[in-house]
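input_27.txt, holding compact mmCIF, C-alpha atoms:
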```txt
# COMPACT_ATOMS: atom_id res chain seq x y z
CA MET A 1 -6.62 10.32 -22.15
CA LYS A 2 -6.14 7.99 -19.25
CA LYS A 3 -8.69 5.63 -17.82
CA ILE A 4 -9.50 4.91 -14.24
CA VAL A 5 -11.06 1.47 -14.03
CA SER A 6 -13.11 0.45 -11.02
CA ILE A 7 -13.42 -3.26 -10.23
CA ILE A 8 -16.51 -4.29 -8.27
CA LEU A 9 -15.90 -7.13 -5.83
CA LEU A 10 -17.16 -10.56 -6.95
CA THR A 11 -18.54 -9.40 -10.27
CA CYS A 12 -15.32 -7.59 -11.26
CA MET A 13 -17.31 -5.37 -13.59
CA LEU A 14 -15.26 -2.56 -15.11
CA PHE A 15 -16.14 1.02 -15.77
CA THR A 16 -13.97 3.89 -16.90
CA MET A 17 -13.84 7.60 -16.53
CA ALA A 18 -11.48 10.00 -18.21
CA THR A 19 -8.75 11.88 -16.41
CA GLY A 20 -6.12 14.24 -17.76
CA CYS A 21 -2.42 13.53 -17.93
CA THR A 22 -0.86 16.65 -16.45
CA ASN A 23 2.17 17.78 -14.55
CA LYS A 24 2.21 19.88 -11.38
CA GLU A 25 1.29 23.06 -13.24
CA GLY A 26 -1.52 21.25 -15.08
CA GLN A 27 0.25 21.40 -18.46
CA ALA A 28 0.77 18.28 -20.53
CA SER A 29 4.41 17.29 -20.83
CA GLY A 30 5.64 18.45 -24.22
CA GLU A 31 8.52 16.05 -24.79
CA ASN A 32 6.27 13.07 -25.60
CA SER A 33 3.18 14.96 -26.74
CA ASN A 34 3.65 13.80 -30.33
CA LYS A 35 5.03 10.40 -29.44
CA GLU A 36 2.95 7.27 -29.01
CA LEU A 37 2.98 6.25 -25.36
CA THR A 38 3.18 2.71 -24.00
CA LYS A 39 0.04 1.87 -22.04
CA VAL A 40 0.59 0.48 -18.57
CA THR A 41 -2.14 -0.66 -16.16
CA VAL A 42 -1.73 -0.52 -12.37
CA SER A 43 -4.05 -2.54 -10.12
CA GLU A 44 -4.61 -0.96 -6.71
CA PHE A 45 -7.09 -0.01 -4.01
CA ARG A 46 -6.02 3.65 -3.65
CA GLY A 47 -3.95 4.31 -0.55
CA ILE A 48 -1.79 7.19 0.63
CA ASN A 49 1.16 4.88 1.25
CA TRP A 50 1.56 4.33 -2.50
CA SER A 51 1.74 8.03 -3.30
CA SER A 52 4.83 7.74 -5.50
CA VAL A 53 2.65 6.38 -8.31
CA TYR A 54 0.06 9.14 -8.05
CA ALA A 55 2.73 11.84 -7.79
CA ALA A 56 4.63 10.42 -10.77
CA ASP A 57 1.40 10.54 -12.77
CA LEU A 58 0.37 14.06 -11.78
CA LEU A 59 3.88 15.49 -12.15
CA GLY A 60 4.09 14.12 -15.69
CA TYR A 61 6.98 11.76 -14.91
CA PHE A 62 5.29 8.76 -16.51
CA GLU A 63 4.67 10.68 -19.70
CA GLU A 64 8.29 11.84 -19.72
CA GLU A 65 9.26 8.17 -19.65
CA GLY A 66 6.93 7.43 -22.55
CA LEU A 67 4.23 5.71 -20.47
CA ASP A 68 0.45 6.18 -20.37
CA VAL A 69 -0.76 4.85 -17.00
CA GLU A 70 -4.29 3.73 -16.18
CA TYR A 71 -5.64 2.32 -12.92
CA ALA A 72 -7.69 -0.79 -12.11
CA ILE A 73 -9.20 -0.09 -8.69
CA TYR A 74 -10.22 -3.06 -6.52
CA LYS A 75 -11.83 -3.45 -3.10
CA ASP A 76 -8.74 -4.97 -1.49
CA GLY A 77 -5.10 -5.73 -2.20
CA PRO A 78 -5.22 -9.51 -2.67
CA ILE A 79 -7.99 -9.11 -5.27
CA ALA A 80 -5.92 -6.47 -7.07
CA PHE A 81 -2.98 -8.87 -7.03
CA GLN A 82 -5.10 -11.67 -8.48
CA GLY A 83 -6.20 -9.26 -11.19
CA MET A 84 -2.58 -8.62 -12.13
CA HIS A 85 -1.81 -12.33 -12.34
CA ALA A 86 -4.95 -12.81 -14.44
CA GLY A 87 -3.48 -10.36 -16.95
CA ASP A 88 -5.68 -7.36 -16.13
CA SER A 89 -2.71 -5.18 -15.14
CA ASP A 90 1.07 -4.90 -15.36
CA PHE A 91 1.88 -3.65 -11.85
CA CYS A 92 0.14 -3.90 -8.48
CA LEU A 93 0.30 -1.65 -5.41
CA LEU A 94 0.24 -3.99 -2.46
CA SER A 95 1.75 -4.95 0.88
CA ALA A 96 4.46 -7.57 0.71
CA GLU A 97 2.78 -10.27 2.82
CA PRO A 98 0.14 -11.50 0.31
CA VAL A 99 2.75 -11.39 -2.48
CA MET A 100 5.07 -13.61 -0.47
CA ARG A 101 2.25 -15.94 0.46
CA ALA A 102 1.31 -16.30 -3.22
CA PHE A 103 4.98 -16.84 -4.15
CA ASP A 104 5.15 -19.67 -1.62
CA GLU A 105 2.17 -21.24 -3.42
CA GLY A 106 3.76 -20.94 -6.88
CA MET A 107 2.41 -17.56 -8.04
CA GLU A 108 5.73 -15.77 -8.55
CA SER A 109 6.23 -12.01 -8.61
CA TYR A 110 9.02 -9.47 -8.11
CA PHE A 111 9.19 -6.56 -5.68
CA VAL A 112 10.50 -3.66 -7.77
CA LEU A 113 10.23 -0.72 -5.34
CA THR A 114 9.07 0.27 -1.85
CA ASN A 115 7.27 3.45 -0.82
CA THR A 116 7.83 3.16 2.94
CA ASN A 117 10.55 1.93 5.29
CA ASN A 118 8.36 0.88 8.23
CA ARG A 119 4.83 -0.24 9.05
CA THR A 120 2.06 2.32 9.65
CA TYR A 121 -0.66 -0.06 10.90
CA ALA A 122 -2.74 0.31 14.06
CA PHE A 123 -5.63 -1.34 15.90
CA ALA A 124 -8.29 0.45 17.94
CA SER A 125 -11.11 -0.68 20.20
CA LYS A 126 -14.15 0.88 21.80
CA PRO A 127 -13.56 2.58 25.16
CA GLU A 128 -14.47 -0.31 27.45
CA ILE A 129 -11.88 -2.63 25.86
CA LYS A 130 -8.51 -1.84 27.43
CA ASP A 131 -6.31 -4.67 26.18
CA VAL A 132 -6.02 -7.01 23.20
CA LYS A 133 -6.84 -9.90 25.54
CA ASP A 134 -10.25 -8.30 26.13
CA LEU A 135 -11.13 -8.98 22.49
CA LYS A 136 -11.79 -12.66 23.16
CA GLY A 137 -15.27 -13.49 21.88
CA LYS A 138 -15.63 -10.00 20.39
CA THR A 139 -16.23 -8.87 16.79
CA VAL A 140 -13.34 -7.26 14.93
CA PHE A 141 -12.55 -5.91 11.49
CA ALA A 142 -9.21 -6.87 9.93
CA GLY A 143 -9.64 -6.59 6.18
CA MET A 144 -10.10 -9.68 4.06
CA PRO A 145 -8.37 -13.01 4.82
CA GLY A 146 -4.96 -13.14 3.16
CA SER A 147 -4.45 -9.38 3.25
CA ALA A 148 -1.61 -7.68 5.12
CA PRO A 149 -4.02 -6.04 7.64
CA TYR A 150 -5.55 -9.45 8.38
CA SER A 151 -2.07 -10.92 9.00
CA PHE A 152 -1.26 -7.96 11.22
CA VAL A 153 -4.36 -8.54 13.36
CA LEU A 154 -3.56 -12.26 13.61
CA SER A 155 -0.08 -11.34 14.85
CA ILE A 156 -1.36 -9.08 17.63
CA LEU A 157 -3.86 -11.76 18.68
CA SER A 158 -1.01 -14.26 18.80
CA GLU A 159 1.05 -11.88 20.95
CA ALA A 160 -1.89 -11.86 23.38
CA GLY A 161 -2.07 -15.66 23.45
CA MET A 162 -5.10 -15.94 21.15
CA SER A 163 -5.83 -17.20 17.65
CA GLU A 164 -8.25 -16.21 14.90
CA ASN A 165 -10.76 -18.65 16.43
CA ASP A 166 -11.01 -16.51 19.56
CA VAL A 167 -12.67 -13.55 17.81
CA ASN A 168 -15.43 -13.04 15.27
CA PHE A 169 -14.27 -11.39 12.04
CA ILE A 170 -16.59 -9.11 10.11
CA ASN A 171 -16.09 -8.15 6.47
CA MET A 172 -16.76 -4.58 5.30
CA GLU A 173 -15.19 -1.76 3.31
CA TYR A 174 -12.11 -0.22 4.92
CA GLY A 175 -13.76 3.18 4.78
CA ALA A 176 -16.71 1.93 6.82
CA ALA A 177 -14.70 0.50 9.71
CA ILE A 178 -14.44 3.67 11.81
CA VAL A 179 -18.17 4.32 11.47
CA ALA A 180 -18.87 0.72 12.47
CA LEU A 181 -16.76 1.15 15.61
CA ALA A 182 -18.52 4.42 16.44
CA GLU A 183 -21.94 2.77 16.05
CA GLY A 184 -21.02 -0.27 18.13
CA GLN A 185 -21.24 -2.74 15.25
CA VAL A 186 -17.72 -3.94 16.00
CA ASP A 187 -15.55 -4.02 19.10
CA GLY A 188 -12.20 -3.40 17.42
CA ILE A 189 -10.81 -2.44 14.04
CA PHE A 190 -7.62 -2.37 12.02
CA PHE A 191 -6.87 1.10 10.67
CA ASP A 192 -4.03 2.95 8.95
CA ILE A 193 -2.39 5.38 11.36
CA TYR A 194 -3.02 8.30 9.00
CA ASN A 195 -6.70 7.93 9.95
CA LYS A 196 -5.96 8.41 13.67
CA LYS A 197 -7.41 11.93 13.84
CA THR A 198 -10.61 10.81 12.08
CA LEU A 199 -10.89 7.82 14.40
CA LEU A 200 -10.57 9.82 17.62
CA GLU A 201 -13.05 12.43 16.42
CA ALA A 202 -15.60 9.74 15.52
CA VAL A 203 -15.05 7.56 18.59
CA PRO A 204 -14.18 9.73 21.62
CA GLY A 205 -12.41 7.59 24.19
CA ALA A 206 -11.41 4.89 21.71
CA ASN A 207 -8.36 2.94 22.79
CA ILE A 208 -5.51 2.53 20.33
CA LEU A 209 -4.29 -0.86 21.49
CA VAL A 210 -1.50 -1.22 18.92
CA ASP A 211 0.34 1.46 16.94
CA THR A 212 3.27 0.25 14.82
CA THR A 213 4.59 3.79 14.38
CA ASN A 214 5.63 3.49 18.02
CA PRO A 215 9.25 2.21 17.76
CA GLU A 216 8.91 -0.21 20.71
CA THR A 217 5.72 -1.74 19.28
CA HIS A 218 7.27 -2.02 15.81
CA GLU A 219 10.35 -3.70 17.29
CA LYS A 220 8.18 -6.17 19.22
CA LEU A 221 6.11 -7.23 16.21
CA TYR A 222 8.80 -7.16 13.51
CA ASN A 223 12.05 -7.48 15.52
CA THR A 224 13.31 -4.29 13.88
CA GLN A 225 12.29 -0.70 13.25
CA PHE A 226 12.90 -1.27 9.55
CA CYS A 227 10.17 -3.05 7.56
CA GLN A 228 9.83 -2.41 3.82
CA THR A 229 6.46 -3.79 2.87
CA THR A 230 4.52 -1.05 1.01
CA ILE A 231 5.74 -2.30 -2.32
CA ILE A 232 5.11 -2.14 -6.04
CA THR A 233 5.09 -5.60 -7.57
CA SER A 234 4.88 -7.19 -11.00
CA THR A 235 4.73 -10.77 -12.22
CA LYS A 236 8.06 -12.42 -12.99
CA LYS A 237 6.81 -13.05 -16.51
CA PHE A 238 6.10 -9.37 -17.16
CA VAL A 239 9.41 -8.23 -15.66
CA ASP A 240 11.43 -10.79 -17.62
CA GLU A 241 9.67 -9.97 -20.89
CA ASN A 242 9.42 -6.18 -20.47
CA PRO A 243 12.50 -4.92 -18.58
CA GLU A 244 12.51 -1.59 -20.46
CA VAL A 245 8.91 -0.83 -19.45
CA VAL A 246 9.64 -1.79 -15.83
CA GLN A 247 12.70 0.45 -15.82
CA LYS A 248 10.71 3.42 -17.13
CA PHE A 249 7.97 2.83 -14.55
CA VAL A 250 10.51 2.64 -11.72
CA ASN A 251 12.37 5.71 -13.03
CA ALA A 252 9.20 7.78 -12.71
CA ASN A 253 8.47 6.49 -9.20
CA VAL A 254 12.01 7.15 -7.96
CA LYS A 255 11.77 10.74 -9.20
CA ALA A 256 8.38 11.07 -7.47
CA LEU A 257 9.73 9.76 -4.15
CA LYS A 258 12.51 12.33 -4.33
CA TRP A 259 9.91 15.05 -4.98
CA ILE A 260 7.83 13.84 -2.01
CA SER A 261 10.88 13.91 0.27
CA GLU A 262 11.69 17.49 -0.75
CA ASN A 263 8.21 19.03 -0.44
CA SER A 264 5.86 19.88 2.43
CA THR A 265 2.74 17.89 3.25
CA GLU A 266 0.66 20.89 2.11
CA GLU A 267 2.34 20.88 -1.31
CA ILE A 268 1.98 17.10 -1.55
CA ALA A 269 -1.72 17.30 -0.65
CA LYS A 270 -2.30 20.01 -3.26
CA LEU A 271 -0.73 17.81 -5.93
CA LEU A 272 -2.44 14.55 -4.91
CA SER A 273 -5.94 15.87 -4.20
CA PRO A 274 -7.32 14.88 -7.65
CA MET A 275 -6.53 11.25 -6.76
CA PHE A 276 -8.51 11.40 -3.50
CA GLU A 277 -11.97 12.67 -4.36
CA GLY A 278 -14.14 13.67 -1.42
CA MET A 279 -11.15 14.62 0.71
CA THR A 280 -10.13 18.23 1.24
CA GLU A 281 -6.51 19.28 0.77
CA GLN A 282 -6.24 19.95 4.51
CA GLU A 283 -7.57 16.49 5.37
CA LEU A 284 -5.13 14.93 2.94
CA ALA A 285 -2.25 17.01 4.33
CA ASP A 286 -3.12 15.90 7.89
CA LYS A 287 -3.13 12.26 6.83
CA PHE A 288 0.12 12.54 4.92
CA ASP A 289 1.74 14.35 7.83
CA ALA A 290 1.16 11.23 9.95
CA VAL A 291 3.16 8.96 7.61
CA LYS A 292 5.59 11.19 5.70
CA SER A 293 8.49 10.26 7.99
CA SER A 294 7.94 6.61 7.05
CA PHE A 295 8.38 7.26 3.33
CA SER A 296 11.48 6.12 1.49
CA ALA A 297 13.32 8.88 -0.36
CA THR A 298 14.76 6.40 -2.87
CA GLY A 299 12.48 3.37 -3.22
CA GLU A 300 15.33 0.97 -2.41
CA ILE A 301 14.51 -2.40 -0.87
CA ASN A 302 17.47 -3.65 1.12
CA GLU A 303 18.09 -7.03 2.69
CA GLU A 304 17.33 -5.90 6.25
CA GLY A 305 14.03 -4.35 5.25
CA TYR A 306 13.13 -7.46 3.27
CA LYS A 307 14.21 -9.89 6.00
CA SER A 308 11.90 -8.33 8.59
CA VAL A 309 8.92 -9.00 6.31
CA GLU A 310 10.06 -12.53 5.45
CA ASP A 311 10.64 -13.36 9.13
CA PHE A 312 7.16 -12.05 10.00
CA CYS A 313 5.54 -14.13 7.24
CA TYR A 314 7.46 -17.26 8.22
CA GLU A 315 6.79 -16.92 11.93
CA GLN A 316 3.08 -16.26 11.31
CA GLY A 317 2.83 -19.34 9.06
CA LEU A 318 2.03 -17.32 5.93
CA ILE A 319 4.88 -19.03 4.08
CA LYS A 320 6.14 -22.58 4.61
CA GLU A 321 9.65 -21.94 3.31
CA ARG A 322 11.84 -18.86 3.36
CA ILE A 323 11.92 -17.30 -0.12
CA GLY A 324 15.19 -15.37 -0.11
CA PHE A 325 15.86 -11.76 -1.13
CA GLU A 326 17.44 -12.70 -4.44
CA ASN A 327 14.40 -14.73 -5.54
CA ILE A 328 11.68 -12.11 -5.11
CA VAL A 329 13.38 -8.68 -5.06
CA ALA A 330 14.57 -7.09 -8.33
CA PRO A 331 16.78 -4.23 -7.00
CA GLN A 332 18.47 -3.44 -10.32
CA PHE A 333 15.65 -1.19 -11.50
CA VAL A 334 15.87 1.21 -8.55
CA GLU A 335 19.68 1.06 -8.70
CA ASN A 336 19.60 2.10 -12.37
CA ALA A 337 17.04 4.83 -11.70
CA LEU A 338 19.14 6.32 -8.91
CA LYS A 339 22.27 6.34 -11.09
CA ASN A 340 20.40 8.25 -13.78
CA ASN A 341 18.61 10.63 -11.40
CA LYS A 342 21.57 12.20 -9.60
```
What is this structure when it is put down as structure tokens?
Amino acid sequence: MKKIVSIILLTCMLFTMATGCTNKEGQASGENSNKELTKVTVSEFRGINWSSVYAADLLGYFEEEGLDVEYAIYKDGPIAFQGMHAGDSDFCLLSAEPVMRAFDEGMESYFVLTNTNNRTYAFASKPEIKDVKDLKGKTVFAGMPGSAPYSFVLSILSEAGMSENDVNFINMEYGAAIVALAEGQVDGIFFDIYNKKTLLEAVPGANILVDTTNPETHEKLYNTQFCQTTIITSTKKFVDENPEVVQKFVNANVKALKWISENSTEEIAKLLSPMFEGMTEQELADKFDAVKSSFSATGEINEEGYKSVEDFCYEQGLIKERIGFENIVAPQFVENALKNNK
């Protein structure tokens, strides 16, 4: 049986609940049914953009590789990342920015795979706010300091000639942000573009001030339409000491990304629905439809996709020195997986 572990912010108290290890048809994979599996823990905060991991789990790809995966669920990415470095997990699902910022401060990790090839972030405001400049003195939600959403909001403020001191930041759960905007508790919010339909239904007349899925906007913020930042990361220590486990984990994810690229959003939603409790298959399909074109079919992180993230982090002051592709990306695992998955 697998465990899903939920981490409560500040207290970090753990609880578990059992889930089955099944493939698409709901049958346990037979090849490793009598073989002891290697337990692997993934720290995360459950997001559609990391669907390769969930698909690999539900399709039985992890079990085929001899792995038994469990999840440590946190409130936000940077906390999940800290949990991994504290030894609570082996892999972390996270945006690249906080990983690079931590690397710059001596907490070294590797990027082993990407799920997406471009950003899918957006920022919305209540109807009376027509421009980012109108946010001066207003209250906004941007995730927690140090997170990729927070860095994104700082970048759009900077583009408008403002700094973080020009707005009031409010901390809340990501899932509560749209409701807060609808109720007038905040003036603007970061949101993932796959929540656009939900946002516009909840806040009629809301203005989407920034949408990175718009090629011109993406180019303006990241100087390219290619930005590989929805990554899977692991500590350098774990990768160096457990290359076989990392390879098996990446193998399963590469197969899952291929499956995602070859199937409809309805089929993907049907598979992934057990991972997103409280969401109907149609709701999940609608959300996935908004980002499916951004998904990588291979998981490869190339130098152009990496450079756009590094440039953004350097220009925003998140890192003091450029890190370099070869120091933080471990491309050999995806390369090996692709060779063996032809």
Under the rule of at most 8 Å, produce a per-residue listing of region 117-180 of chain A near region 203-221 of chain A: chain, number, name, the closest pair of atoms, and the distance in Å, as a tab-separated table, using only C-alpha atoms.
```
residue	atom	partner	partner_atom	distance
A:Asn118	CA	A:Thr213	CA	7.8
A:Arg119	CA	A:Thr212	CA	6.0
A:Thr120	CA	A:Thr213	CA	5.6
A:Tyr121	CA	A:Thr212	CA	5.6
A:Ala122	CA	A:Asp211	CA	4.4
A:Phe123	CA	A:Val210	CA	5.1
A:Ala124	CA	A:Ile208	CA	4.2
A:Ser125	CA	A:Asn207	CA	5.2
A:Lys126	CA	A:Ala206	CA	4.9
A:Pro127	CA	A:Ala206	CA	4.7
A:Ile129	CA	A:Asn207	CA	7.3
A:Lys130	CA	A:Asn207	CA	6.7
A:Asp131	CA	A:Leu209	CA	6.4
A:Val132	CA	A:Leu209	CA	6.6
A:Ser155	CA	A:Leu221	CA	7.6
A:Ile156	CA	A:Leu221	CA	7.8
A:Ile178	CA	A:Val203	CA	7.8
```
Q. Quick one, how far is CA of Ser293 (chain A) from CA of Val254 (chain A)?
A.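 Value for the CA of Ser293 (chain A)-CA of Val254 (chain A) distance: 16.6 Å.
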Q. Do you know which residues lie at most 7 Å from (5.0, -14.4, 3.8), with coordinates as in the file and all atoms listed in the file counted, and could you write them as a count of residues only?
A. 10
Q. What does the distance from CA of Leu59 (chain A) to CA of Asn263 (chain A) come to in Å, to one decimal?
A.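 We find that CA of Leu59 (chain A) and CA of Asn263 (chain A) lie 13.0 Å from each other.
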Q | Two-atom distance - CA of Phe141 (chain A), CA of Ile189 (chain A) (Å) | A |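 That distance, rounded to one decimal, is 4.6 Å.
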(Q) Let me make sure I understand: among A:Val153, A:Ile193, A:Leu338, A:Ile328, which one has the smallest atom-to-atom distance to Asn49 (chain A) if we use all atoms listed in the file? (A)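 Between A:Val153, A:Ile193, A:Leu338, A:Ile328, the residue approaching Asn49 (chain A) most closely is A:Ile193.
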Q. Which neighbours of Asn340 (chain A) fall inside 12 Å, counting all atoms listed in the file, when residues of the same chain fewer than 2 positions from it are skipped, and could you give them as a list in words?
A.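 Residues near the query, excluding close chain neighbours: Gln247, Lys248, Val250, Asn251, Ala252, Val254, Lys255, Phe333, Val334, Glu335, Asn336, Ala337, Leu338 and Lys342 of chain A.
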